[in-house]
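Okay, structure_2.txt now, which holds compact mmCIF, C-alpha atoms and all ligand atoms:
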# COMPACT_ATOMS: atom_id res chain seq x y z
CA MET A 1 74.12 112.19 99.75
CA SER A 2 73.40 114.53 96.86
CA LEU A 3 74.54 114.66 93.27
CA PHE A 4 77.16 117.20 94.30
CA THR A 5 78.48 115.64 97.51
CA ALA A 6 81.75 114.73 95.87
CA VAL A 7 82.34 118.17 94.39
CA GLU A 8 85.50 119.67 95.79
CA LEU A 9 85.95 123.36 96.39
CA ALA A 10 88.27 124.69 93.67
CA PRO A 11 91.08 126.97 94.80
CA ARG A 12 90.03 130.56 94.37
CA ASP A 13 91.64 132.68 91.69
CA PRO A 14 94.67 134.24 93.40
CA ILE A 15 94.14 137.71 91.96
CA LEU A 16 90.40 137.83 92.53
CA GLY A 17 91.05 136.52 96.04
CA LEU A 18 93.40 139.46 96.54
CA ASN A 19 90.61 141.83 95.49
CA GLU A 20 88.32 140.37 98.14
CA GLN A 21 91.01 140.78 100.77
CA TYR A 22 91.57 144.37 99.61
CA ALA A 23 87.85 145.15 99.77
CA ALA A 24 87.71 143.91 103.37
CA ASP A 25 90.80 145.89 104.47
CA THR A 26 89.90 148.85 106.70
CA ASN A 27 93.24 150.66 106.25
CA PRO A 28 92.23 154.11 104.87
CA LYS A 29 95.50 154.31 102.92
CA LYS A 30 95.06 150.95 101.15
CA VAL A 31 96.15 150.69 97.51
CA ASN A 32 95.23 147.85 95.15
CA LEU A 33 98.11 147.06 92.80
CA GLY A 34 97.04 143.45 92.36
CA VAL A 35 94.70 143.29 89.41
CA GLY A 36 95.87 144.18 85.88
CA VAL A 37 93.62 147.13 85.23
CA TYR A 38 94.49 150.68 84.18
CA PHE A 39 93.17 153.40 86.50
CA ASP A 40 93.39 157.09 85.69
CA GLU A 41 95.02 159.84 87.77
CA ASN A 42 91.95 159.93 90.01
CA GLY A 43 92.15 156.21 90.66
CA LYS A 44 89.08 155.62 88.47
CA LEU A 45 88.53 153.15 85.68
CA PRO A 46 88.40 155.41 82.60
CA LEU A 47 85.56 155.53 80.12
CA LEU A 48 87.39 156.70 77.00
CA GLN A 49 86.05 159.71 75.10
CA ALA A 50 86.38 157.75 71.87
CA VAL A 51 84.17 155.03 73.34
CA GLN A 52 81.60 157.52 74.62
CA LYS A 53 81.41 159.24 71.24
CA ALA A 54 81.07 155.93 69.41
CA GLU A 55 78.31 154.85 71.80
CA ALA A 56 76.50 158.16 71.30
CA ALA A 57 76.74 157.80 67.52
CA LEU A 58 75.50 154.20 67.62
CA GLN A 59 72.70 155.21 69.96
CA ALA A 60 71.54 157.85 67.46
CA THR A 61 70.30 155.07 65.20
CA PRO A 62 69.36 152.31 67.65
CA LYS A 63 69.52 148.83 66.25
CA ALA A 64 67.66 145.65 67.16
CA ARG A 65 69.92 142.95 68.62
CA GLY A 66 69.78 139.98 66.34
CA TYR A 67 72.35 137.20 66.49
CA LEU A 68 75.73 138.09 65.07
CA PRO A 69 77.33 135.66 62.66
CA ILE A 70 79.26 132.88 64.44
CA ASP A 71 82.57 134.57 63.67
CA GLY A 72 81.29 137.96 64.83
CA LEU A 73 80.64 141.37 63.37
CA ALA A 74 82.20 141.51 59.90
CA ALA A 75 83.24 145.16 60.23
CA TYR A 76 84.93 144.34 63.54
CA ASP A 77 86.84 141.35 62.17
CA GLN A 78 88.01 143.49 59.27
CA ALA A 79 89.09 146.33 61.61
CA VAL A 80 91.05 143.85 63.75
CA LYS A 81 92.83 142.48 60.67
CA GLU A 82 93.77 145.97 59.57
CA LEU A 83 95.01 146.92 63.02
CA VAL A 84 97.02 143.75 63.61
CA PHE A 85 98.45 143.18 60.15
CA GLY A 86 98.05 146.50 58.31
CA LYS A 87 95.30 147.41 55.87
CA ASP A 88 97.42 146.99 52.76
CA SER A 89 99.54 144.12 54.03
CA GLU A 90 99.83 141.16 51.72
CA PRO A 91 98.22 138.62 54.11
CA VAL A 92 95.13 140.85 54.45
CA THR A 93 94.78 141.81 50.77
CA SER A 94 95.34 138.21 49.66
CA GLY A 95 92.74 136.97 52.16
CA ARG A 96 94.96 134.43 53.89
CA VAL A 97 94.11 135.52 57.44
CA ALA A 98 91.10 134.06 59.24
CA THR A 99 89.86 136.38 62.00
CA ILE A 100 87.04 135.77 64.46
CA GLN A 101 85.56 138.02 67.14
CA ALA A 102 86.22 136.48 70.54
CA LEU A 103 85.20 136.98 74.16
CA GLY A 104 88.20 139.08 75.12
CA GLY A 105 91.78 138.00 74.67
CA THR A 106 90.98 134.99 76.86
CA GLY A 107 88.32 133.91 74.38
CA GLY A 108 90.76 134.28 71.48
CA LEU A 109 93.27 132.07 73.27
CA LYS A 110 90.60 129.51 74.12
CA VAL A 111 89.19 129.23 70.58
CA GLY A 112 92.76 128.98 69.28
CA ALA A 113 93.65 126.34 71.86
CA ASP A 114 90.59 124.19 71.03
CA PHE A 115 91.30 124.51 67.30
CA LEU A 116 94.97 123.53 67.69
CA ARG A 117 94.15 120.63 69.98
CA LYS A 118 91.94 119.09 67.29
CA LEU A 119 94.51 119.83 64.61
CA LYS A 120 97.53 118.55 66.55
CA PRO A 121 96.35 116.27 69.35
CA GLY A 122 99.88 115.11 70.16
CA ALA A 123 101.49 118.53 70.37
CA LYS A 124 102.71 120.08 73.61
CA VAL A 125 102.38 123.71 74.58
CA LEU A 126 105.14 125.88 75.99
CA ILE A 127 104.45 129.08 77.90
CA SER A 128 106.99 131.49 79.36
CA ASN A 129 108.30 130.99 82.88
CA PRO A 130 106.59 132.88 84.44
CA SER A 131 103.50 133.77 82.44
CA TRP A 132 100.00 135.13 82.87
CA GLU A 133 98.44 132.55 85.20
CA ASN A 134 95.59 131.72 82.86
CA HIS A 135 97.81 130.62 79.95
CA ARG A 136 98.57 127.28 81.56
CA ALA A 137 94.97 126.67 82.59
CA ILE A 138 93.50 127.57 79.20
CA PHE A 139 95.75 125.21 77.29
CA GLN A 140 95.51 122.45 79.88
CA ASN A 141 91.74 122.66 79.82
CA ALA A 142 91.87 122.34 76.05
CA GLY A 143 93.63 119.02 76.68
CA PHE A 144 97.27 119.98 76.14
CA GLU A 145 100.27 119.10 78.23
CA VAL A 146 101.78 122.47 79.13
CA GLY A 147 105.45 123.09 79.87
CA THR A 148 107.51 126.25 80.12
CA TYR A 149 110.41 127.90 78.35
CA SER A 150 112.92 129.99 80.31
CA TYR A 151 112.09 133.66 80.45
CA TYR A 152 112.79 135.59 83.63
CA ASP A 153 116.16 135.51 85.31
CA ALA A 154 115.79 137.00 88.79
CA SER A 155 119.54 137.16 89.43
CA ARG A 156 120.11 139.17 86.27
CA ARG A 157 116.86 141.12 86.51
CA GLY A 158 115.98 140.48 82.94
CA ILE A 159 115.37 137.81 80.36
CA ASP A 160 117.33 134.58 80.33
CA PHE A 161 117.60 134.75 76.58
CA ASP A 162 120.13 131.94 76.20
CA GLY A 163 117.85 129.70 78.25
CA LEU A 164 114.84 130.73 76.19
CA LEU A 165 116.57 129.91 72.89
CA ALA A 166 117.89 126.62 74.24
CA ASP A 167 114.40 125.59 75.40
CA LEU A 168 112.85 126.42 72.04
CA LYS A 169 115.63 124.56 70.22
CA ALA A 170 114.95 121.52 72.37
CA ALA A 171 111.19 121.56 71.72
CA ALA A 172 109.69 118.87 69.52
CA GLU A 173 108.53 119.82 66.05
CA GLY A 174 104.99 121.18 66.11
CA THR A 175 105.15 122.39 69.72
CA VAL A 176 102.83 125.33 70.29
CA VAL A 177 104.80 128.26 71.73
CA VAL A 178 102.79 130.99 73.42
CA LEU A 179 104.63 134.30 73.12
CA HIS A 180 103.70 137.65 74.66
CA ALA A 181 103.78 140.07 71.72
CA CYS A 182 104.49 143.03 74.01
CA CYS A 183 104.28 144.14 77.66
CA HIS A 184 105.09 140.74 79.11
CA ASN A 185 102.76 139.82 81.97
CA PRO A 186 103.91 139.50 84.75
CA THR A 187 107.54 140.61 84.35
CA GLY A 188 107.40 143.78 82.21
CA TYR A 189 110.46 142.58 80.26
CA ASP A 190 110.08 142.32 76.47
CA LEU A 191 112.38 140.83 73.86
CA THR A 192 114.31 143.33 71.73
CA PRO A 193 113.67 143.34 67.96
CA ALA A 194 117.01 141.56 67.43
CA GLN A 195 116.03 138.88 69.98
CA TRP A 196 112.68 138.42 68.23
CA ASP A 197 114.60 137.76 65.01
CA GLN A 198 116.52 135.00 66.74
CA VAL A 199 113.36 133.51 68.23
CA ILE A 200 111.72 133.53 64.82
CA GLU A 201 114.73 131.78 63.31
CA VAL A 202 114.45 128.96 65.85
CA VAL A 203 110.66 128.75 65.51
CA LYS A 204 111.11 128.36 61.77
CA ALA A 205 113.99 125.90 61.93
CA ARG A 206 112.26 123.72 64.56
CA GLN A 207 108.86 124.06 62.87
CA LEU A 208 107.18 125.23 66.05
CA THR A 209 103.67 126.71 66.06
CA PRO A 210 103.77 130.30 67.32
CA PHE A 211 100.77 131.69 69.17
CA LEU A 212 101.18 135.42 69.85
CA ASP A 213 99.21 136.87 72.72
CA MET A 214 98.67 140.58 72.15
CA ALA A 215 96.79 141.86 75.18
CA TYR A 216 98.51 145.22 75.59
CA GLN A 217 99.13 146.64 72.12
CA GLY A 218 99.89 150.35 72.54
CA PHE A 219 101.03 150.21 76.16
CA SER A 220 104.77 149.92 75.55
CA GLN A 221 106.02 152.18 72.72
CA GLY A 222 102.94 152.71 70.57
CA LEU A 223 100.47 150.80 68.42
CA ALA A 224 102.78 150.34 65.44
CA GLU A 225 105.92 149.65 67.48
CA ASP A 226 104.19 147.14 69.75
CA GLY A 227 102.58 145.43 66.79
CA ALA A 228 105.82 145.23 64.79
CA VAL A 229 106.53 141.70 65.96
CA VAL A 230 103.55 140.48 63.91
CA GLY A 231 105.21 141.90 60.79
CA LYS A 232 108.36 139.95 61.63
CA PHE A 233 106.46 136.66 61.73
CA ILE A 234 104.82 137.55 58.40
CA ALA A 235 108.15 138.45 56.82
CA ALA A 236 109.53 135.09 57.93
CA GLY A 237 106.74 133.37 56.01
CA LEU A 238 105.39 131.61 59.09
CA ASP A 239 101.90 130.29 59.79
CA PHE A 240 100.83 131.49 63.21
CA LEU A 241 98.01 132.58 65.51
CA VAL A 242 97.47 135.95 67.21
CA SER A 243 94.99 136.67 69.97
CA THR A 244 93.97 140.29 70.46
CA SER A 245 92.43 141.96 73.49
CA PHE A 246 90.86 145.42 73.60
CA SER A 247 90.07 145.12 77.31
CA LYS A 248 92.91 147.43 78.32
CA SER A 249 93.48 149.52 75.20
CA PHE A 250 89.80 150.54 75.04
CA SER A 251 89.16 150.21 78.77
CA LEU A 252 86.30 147.88 77.83
CA TYR A 253 87.08 145.06 80.25
CA GLY A 254 83.50 144.00 80.87
CA GLU A 255 82.39 144.04 77.24
CA ARG A 256 84.70 141.12 76.42
CA VAL A 257 86.09 142.38 73.12
CA GLY A 258 88.89 140.35 71.65
CA ALA A 259 89.77 138.35 68.59
CA LEU A 260 91.72 135.45 67.17
CA SER A 261 93.53 135.70 63.86
CA VAL A 262 95.10 132.72 62.11
CA VAL A 263 97.65 133.43 59.40
CA THR A 264 97.60 130.69 56.79
CA LYS A 265 99.31 130.09 53.45
CA SER A 266 96.38 130.81 51.14
CA LYS A 267 92.87 132.16 50.87
CA ASP A 268 91.54 128.65 50.50
CA GLU A 269 93.35 127.48 53.63
CA ALA A 270 92.03 130.51 55.55
CA ALA A 271 88.46 129.63 54.52
CA ARG A 272 88.87 126.08 55.80
CA VAL A 273 90.48 127.26 59.05
CA LEU A 274 87.67 129.78 59.54
CA SER A 275 85.08 127.04 59.08
CA GLN A 276 86.74 125.04 61.88
CA LEU A 277 87.00 128.05 64.19
CA LYS A 278 83.27 128.51 63.65
CA VAL A 279 82.60 124.92 64.72
CA THR A 280 84.50 125.58 67.95
CA ILE A 281 82.55 128.76 68.61
CA ARG A 282 79.20 127.29 67.65
CA THR A 283 79.60 124.44 70.11
CA ASN A 284 80.77 126.68 72.96
CA TYR A 285 78.69 129.85 72.93
CA SER A 286 77.18 129.92 69.45
CA ASN A 287 78.02 133.53 68.60
CA PRO A 288 79.51 136.57 70.31
CA PRO A 289 77.79 139.66 71.78
CA THR A 290 77.11 142.80 69.78
CA HIS A 291 77.89 145.93 71.76
CA GLY A 292 81.64 145.98 72.44
CA ALA A 293 82.56 144.89 68.94
CA ALA A 294 80.26 147.52 67.41
CA VAL A 295 81.93 150.22 69.51
CA VAL A 296 85.47 149.13 68.68
CA ALA A 297 84.68 148.72 64.98
CA TYR A 298 83.11 152.18 64.92
CA VAL A 299 86.11 153.80 66.60
CA LEU A 300 88.68 152.01 64.45
CA SER A 301 86.90 152.81 61.19
CA THR A 302 85.98 156.46 61.91
CA PRO A 303 89.09 158.61 61.33
CA GLU A 304 88.36 161.27 64.00
CA LEU A 305 87.54 158.67 66.63
CA ARG A 306 90.50 156.54 65.66
CA ALA A 307 92.75 159.58 66.16
CA LEU A 308 91.08 160.36 69.48
CA TRP A 309 91.51 156.76 70.66
CA GLU A 310 95.19 156.76 69.73
CA GLU A 311 95.60 160.00 71.65
CA GLU A 312 93.89 158.56 74.72
CA LEU A 313 95.89 155.35 74.50
CA GLY A 314 99.02 157.50 74.28
CA GLN A 315 97.94 159.34 77.42
CA MET A 316 97.53 156.07 79.31
CA ARG A 317 100.96 154.93 78.14
CA THR A 318 102.60 158.22 79.09
CA ARG A 319 100.94 158.29 82.50
CA ILE A 320 102.16 154.80 83.32
CA LYS A 321 105.71 155.80 82.40
CA ALA A 322 105.46 158.90 84.58
CA MET A 323 104.27 156.76 87.49
CA ARG A 324 107.19 154.36 87.05
CA GLN A 325 109.53 157.35 87.32
CA LYS A 326 107.69 158.74 90.36
CA LEU A 327 107.85 155.37 92.09
CA LEU A 328 111.58 155.17 91.45
CA ASP A 329 112.09 158.76 92.64
CA GLY A 330 109.98 158.07 95.72
CA LEU A 331 112.02 154.97 96.60
CA LYS A 332 115.26 156.94 96.28
CA ALA A 333 113.81 159.77 98.38
CA ALA A 334 112.88 157.19 101.02
CA GLY A 335 116.55 156.27 101.26
CA VAL A 336 116.61 153.05 99.24
CA GLN A 337 120.22 152.54 98.11
CA GLN A 338 119.93 149.54 95.83
CA ASP A 339 119.62 149.94 92.08
CA LEU A 340 115.92 149.80 91.24
CA SER A 341 116.21 151.37 87.80
CA TYR A 342 114.51 148.30 86.34
CA ILE A 343 111.22 149.88 87.43
CA THR A 344 111.57 152.38 84.58
CA THR A 345 113.06 150.01 82.00
CA GLN A 346 110.26 147.48 82.34
CA VAL A 347 107.27 148.17 80.07
CA GLY A 348 103.52 147.83 80.17
CA MET A 349 101.15 147.74 83.11
CA PHE A 350 103.27 145.62 85.43
CA SER A 351 106.48 145.72 87.35
CA TYR A 352 108.11 142.62 88.70
CA SER A 353 109.28 144.41 91.81
CA GLY A 354 111.74 141.75 92.92
CA LEU A 355 110.09 141.69 96.35
CA SER A 356 109.79 138.32 98.07
CA LYS A 357 106.51 136.74 99.09
CA GLU A 358 107.23 137.68 102.72
CA GLN A 359 107.80 141.29 101.73
CA MET A 360 104.60 141.33 99.69
CA LEU A 361 102.67 139.89 102.67
CA ARG A 362 104.11 142.60 104.94
CA LEU A 363 103.17 145.26 102.40
CA ARG A 364 99.61 143.99 102.58
CA SER A 365 99.23 143.45 106.30
CA GLU A 366 101.20 146.46 107.57
CA PHE A 367 100.59 149.02 104.84
CA GLY A 368 97.50 147.93 102.92
CA VAL A 369 99.49 147.85 99.66
CA TYR A 370 98.30 144.90 97.61
CA GLY A 371 100.38 143.16 94.92
CA THR A 372 100.64 139.50 94.00
CA ASP A 373 102.71 137.05 96.05
CA SER A 374 105.12 136.83 93.12
CA GLY A 375 106.05 140.48 93.65
CA ARG A 376 104.12 141.77 90.66
CA ILE A 377 102.63 145.22 91.07
CA CYS A 378 100.33 146.98 88.63
CA VAL A 379 102.00 150.34 88.00
CA ALA A 380 98.93 151.40 85.99
CA ALA A 381 97.07 151.70 89.30
CA LEU A 382 99.53 154.24 90.74
CA ASN A 383 98.61 157.93 90.80
CA GLU A 384 99.87 161.20 92.29
CA ASN A 385 97.91 160.53 95.47
CA ASN A 386 99.16 157.03 96.21
CA VAL A 387 102.60 156.71 94.60
CA GLY A 388 104.43 158.44 97.45
CA TYR A 389 102.80 156.20 100.03
CA VAL A 390 103.51 153.08 97.97
CA ALA A 391 107.19 154.08 97.62
CA GLU A 392 107.52 154.71 101.38
CA SER A 393 105.82 151.41 102.16
CA ILE A 394 108.03 149.43 99.79
CA ALA A 395 111.12 151.16 101.22
CA LYS A 396 110.08 149.97 104.69
CA VAL A 397 109.86 146.30 103.72
CA LEU A 398 113.00 146.23 101.58
N1 LIG B 401 96.75 137.68 77.92
C1 LIG B 401 97.43 138.34 78.86
C2 LIG B 401 98.91 138.28 78.87
C3 LIG B 401 96.73 139.09 79.81
O1 LIG B 401 97.40 139.74 80.75
C4 LIG B 401 95.32 139.13 79.75
C5 LIG B 401 94.48 139.93 80.72
N2 LIG B 401 94.94 140.15 81.95
C6 LIG B 401 94.68 138.42 78.75
C7 LIG B 401 95.42 137.71 77.85
C8 LIG B 401 93.18 138.37 78.67
O2 LIG B 401 92.58 139.49 78.28
P1 LIG B 401 90.98 139.67 78.35
O3 LIG B 401 90.70 140.29 79.65
O4 LIG B 401 90.69 140.52 77.19
O5 LIG B 401 90.38 138.32 78.24

Mind turning this structure into structure tokens?
Ligand code: PMP
Amino acid sequence: MSLFTAVELAPRDPILGLNEQYAADTNPKKVNLGVGVYFDENGKLPLLQAVQKAEAALQATPKARGYLPIDGLAAYDQAVKELVFGKDSEPVTSGRVATIQALGGTGGLKVGADFLRKLKPGAKVLISNPSWENHRAIFQNAGFEVGTYSYYDASRRGIDFDGLLADLKAAAEGTVVVLHACCHNPTGYDLTPAQWDQVIEVVKARQLTPFLDMAYQGFSQGLAEDGAVVGKFIAAGLDFLVSTSFSKSFSLYGERVGALSVVTKSKDEAARVLSQLKVTIRTNYSNPPTHGAAVVAYVLSTPELRALWEEELGQMRTRIKAMRQKLLDGLKAAGVQQDLSYITTQVGMFSYSGLSKEQMLRLRSEFGVYGTDSGRICVAALNENNVGYVAESIAKVL
């Protein structure tokens, strides 16, 4: 009998488990479309030029690594505010947004969840059905009861918008609603601007608490277009939270660069909110790390590097779209008759392929093509060398 005898083995993370299975697969043609990571045309994780140049510039005047403030690097928090809300936007100039540096988008969600749980202990949380797997776990671990609102309609291959509105209308006042700002994970289906307007109307009427998760800004239409939803919430006069992730847009996954911004009614309110966010951070990890935030702040605030980053982000976006088209073309060339045009209308890094669990298992075991059991494939991991093989393999299991 030891202290840990009663400890049960937790189920392994389904996506990381898939990676292990992929690594052990001896099929020379294997392709990993499981994890949500962007790979370049050579199948490599990119190190952006903008990041390299920022690192070189920072290295030119090496700095000692003292503790950052609890809420992170001030220049980084300011750069995030300007990116998410606009430099000259009223909420930023009036000082009514509280922004903290967080450990990736996950960290932003977690700090926000802990803060809201203290503020509204009785509130429930609603996430989309389906959603990024970690949404439920993050909010449950913060102590919330988590339910879902309708989102994906498999029969219609799109969003069940009537169901979504009905679920939000039925939610109790104060319910926290987690919304994917763009590039919905896992489905690849986003709300249209007109649908966002309707969602905002219900959120306002029902006095719900919106929590926008912005993990893929720049991967759908562009930075401004993908961020436009934030402006809609501002224009509606709502108080809300936004988590930001630079993992994908800067290809800085391992540096854990993210943020949480809370839009309040006044500068005074923002100061009080910030003080509470700092308590949450202080009692979890004290303060965030220096490097990733310094790089991102440098890029965002240096005009040439900012332009270079936007260009590189644009290249990633364009390449993903080209791969969606190639996949569709490849499926047609392989003789698939059914309408799969949704592959090119979905946006972001993922495609909900519509394949069943059995088909996904066959893809893995017979062809070494790895996607999630739910049928999600990461189109950002396709390239000229593997897309033809993936299309042929999918055609064979359809
Ligand atoms: N939200 C969504 C919807 C995501 O897909 C992800 C990452 N896969 C995150 C948040 C977390 O991002 P990060 O890796 O920066 O923690």

Closest atom pairs, chain A residues within 7 Å of ligand LIG 401 (chain B), only C-alpha atoms and all ligand atoms, as a Markdown table:
| residue | atom | partner | partner_atom | distance |
| --- | --- | --- | --- | --- |
| A:Gly36 | CA | B:LIG401 | N2 | 5.7 |
| A:Leu103 | CA | B:LIG401 | O5 | 6.7 |
| A:Gly104 | CA | B:LIG401 | O4 | 3.5 |
| A:Gly105 | CA | B:LIG401 | O4 | 3.7 |
| A:Thr106 | CA | B:LIG401 | O5 | 3.7 |
| A:Gly107 | CA | B:LIG401 | O5 | 6.2 |
| A:Trp132 | CA | B:LIG401 | C2 | 5.2 |
| A:His180 | CA | B:LIG401 | C2 | 6.4 |
| A:His184 | CA | B:LIG401 | C2 | 6.7 |
| A:Asn185 | CA | B:LIG401 | C2 | 5.2 |
| A:Asp213 | CA | B:LIG401 | N1 | 5.8 |
| A:Met214 | CA | B:LIG401 | N1 | 6.7 |
| A:Ala215 | CA | B:LIG401 | N1 | 5.0 |
| A:Ser245 | CA | B:LIG401 | O4 | 4.3 |
| A:Phe246 | CA | B:LIG401 | O4 | 6.1 |
| A:Ser247 | CA | B:LIG401 | O4 | 4.6 |
| A:Tyr253 | CA | B:LIG401 | O3 | 6.0 |
| A:Arg256 | CA | B:LIG401 | O4 | 6.1 |
| A:Val257 | CA | B:LIG401 | O4 | 6.4 |
| A:Gly258 | CA | B:LIG401 | O4 | 5.8 |

Among listed residues A:Pro11, A:Phe161, A:Ala57, A:Thr290, nearest Pro69 in chain A (using all atoms listed in the file): A:Thr290

As lines of an AutoDock Vina configuration file, what would the box around range 244-261 of chain A look like: edges along x, y and z, 5 Å added on every side, centre and edge lengths in Å to one decimal?
center_x = 88.2
center_y = 143.0
center_z = 72.4
size_x = 21.6
size_y = 25.1
size_z = 27.0

Between CA of Gln217 in chain A and CA of Cys183 in chain A, what is the distance, to one decimal in Å? 8.0 Å

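Checking A:Leu164, A:Val178, A:Gly231, A:Ile320 one by one against Val92 in chain A, counting only C-alpha atoms, you find the shortest gap at A:Gly231.
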
Spatial neighbours of Leu223 in chain A, 10 Å, only C-alpha atoms, chain gap at least 4 places, as a tab-separated table (two decimals) with C-alpha atoms, in the coordinates of the input:
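As a result, out37.tsv now contains:
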chain	number	residue	atom	x	y	z
A	83	LEU	CA	95.01	146.92	63.02
A	84	VAL	CA	97.02	143.75	63.61
A	216	TYR	CA	98.51	145.22	75.59
A	217	GLN	CA	99.13	146.64	72.12
A	218	GLY	CA	99.89	150.35	72.54
A	219	PHE	CA	101.03	150.21	76.16
A	227	GLY	CA	102.58	145.43	66.79
A	228	ALA	CA	105.82	145.23	64.79
A	249	SER	CA	93.48	149.52	75.20
A	310	GLU	CA	95.19	156.76	69.73
A	313	LEU	CA	95.89	155.35	74.50
A	314	GLY	CA	99.02	157.50	74.28

Tell me, as a PyMOL selection string, which residues lie within 9 Å of range 384-396 of chain A, counting only C-alpha atoms; anything in the same chain fewer than 2 positions away does not count. chain A and resi 29-31+41-43+323+326-336+355+359-360+363+366-367+369+381-382+398

Please provide as a tab-separated table (two decimals) with C-alpha atoms, in the frame of the given file all residues within 12 Å of Glu311 in chain A, with the sequence filter that same-chain residues fewer than 2 positions apart are discarded (counting only C-alpha atoms).
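Listing of result.tsv after writing:
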chain	number	residue	atom	x	y	z
A	48	LEU	CA	87.39	156.70	77.00
A	49	GLN	CA	86.05	159.71	75.10
A	50	ALA	CA	86.38	157.75	71.87
A	218	GLY	CA	99.89	150.35	72.54
A	222	GLY	CA	102.94	152.71	70.57
A	223	LEU	CA	100.47	150.80	68.42
A	249	SER	CA	93.48	149.52	75.20
A	250	PHE	CA	89.80	150.54	75.04
A	304	GLU	CA	88.36	161.27	64.00
A	305	LEU	CA	87.54	158.67	66.63
A	306	ARG	CA	90.50	156.54	65.66
A	307	ALA	CA	92.75	159.58	66.16
A	308	LEU	CA	91.08	160.36	69.48
A	309	TRP	CA	91.51	156.76	70.66
A	313	LEU	CA	95.89	155.35	74.50
A	314	GLY	CA	99.02	157.50	74.28
A	315	GLN	CA	97.94	159.34	77.42
A	316	MET	CA	97.53	156.07	79.31
A	317	ARG	CA	100.96	154.93	78.14
A	318	THR	CA	102.60	158.22	79.09
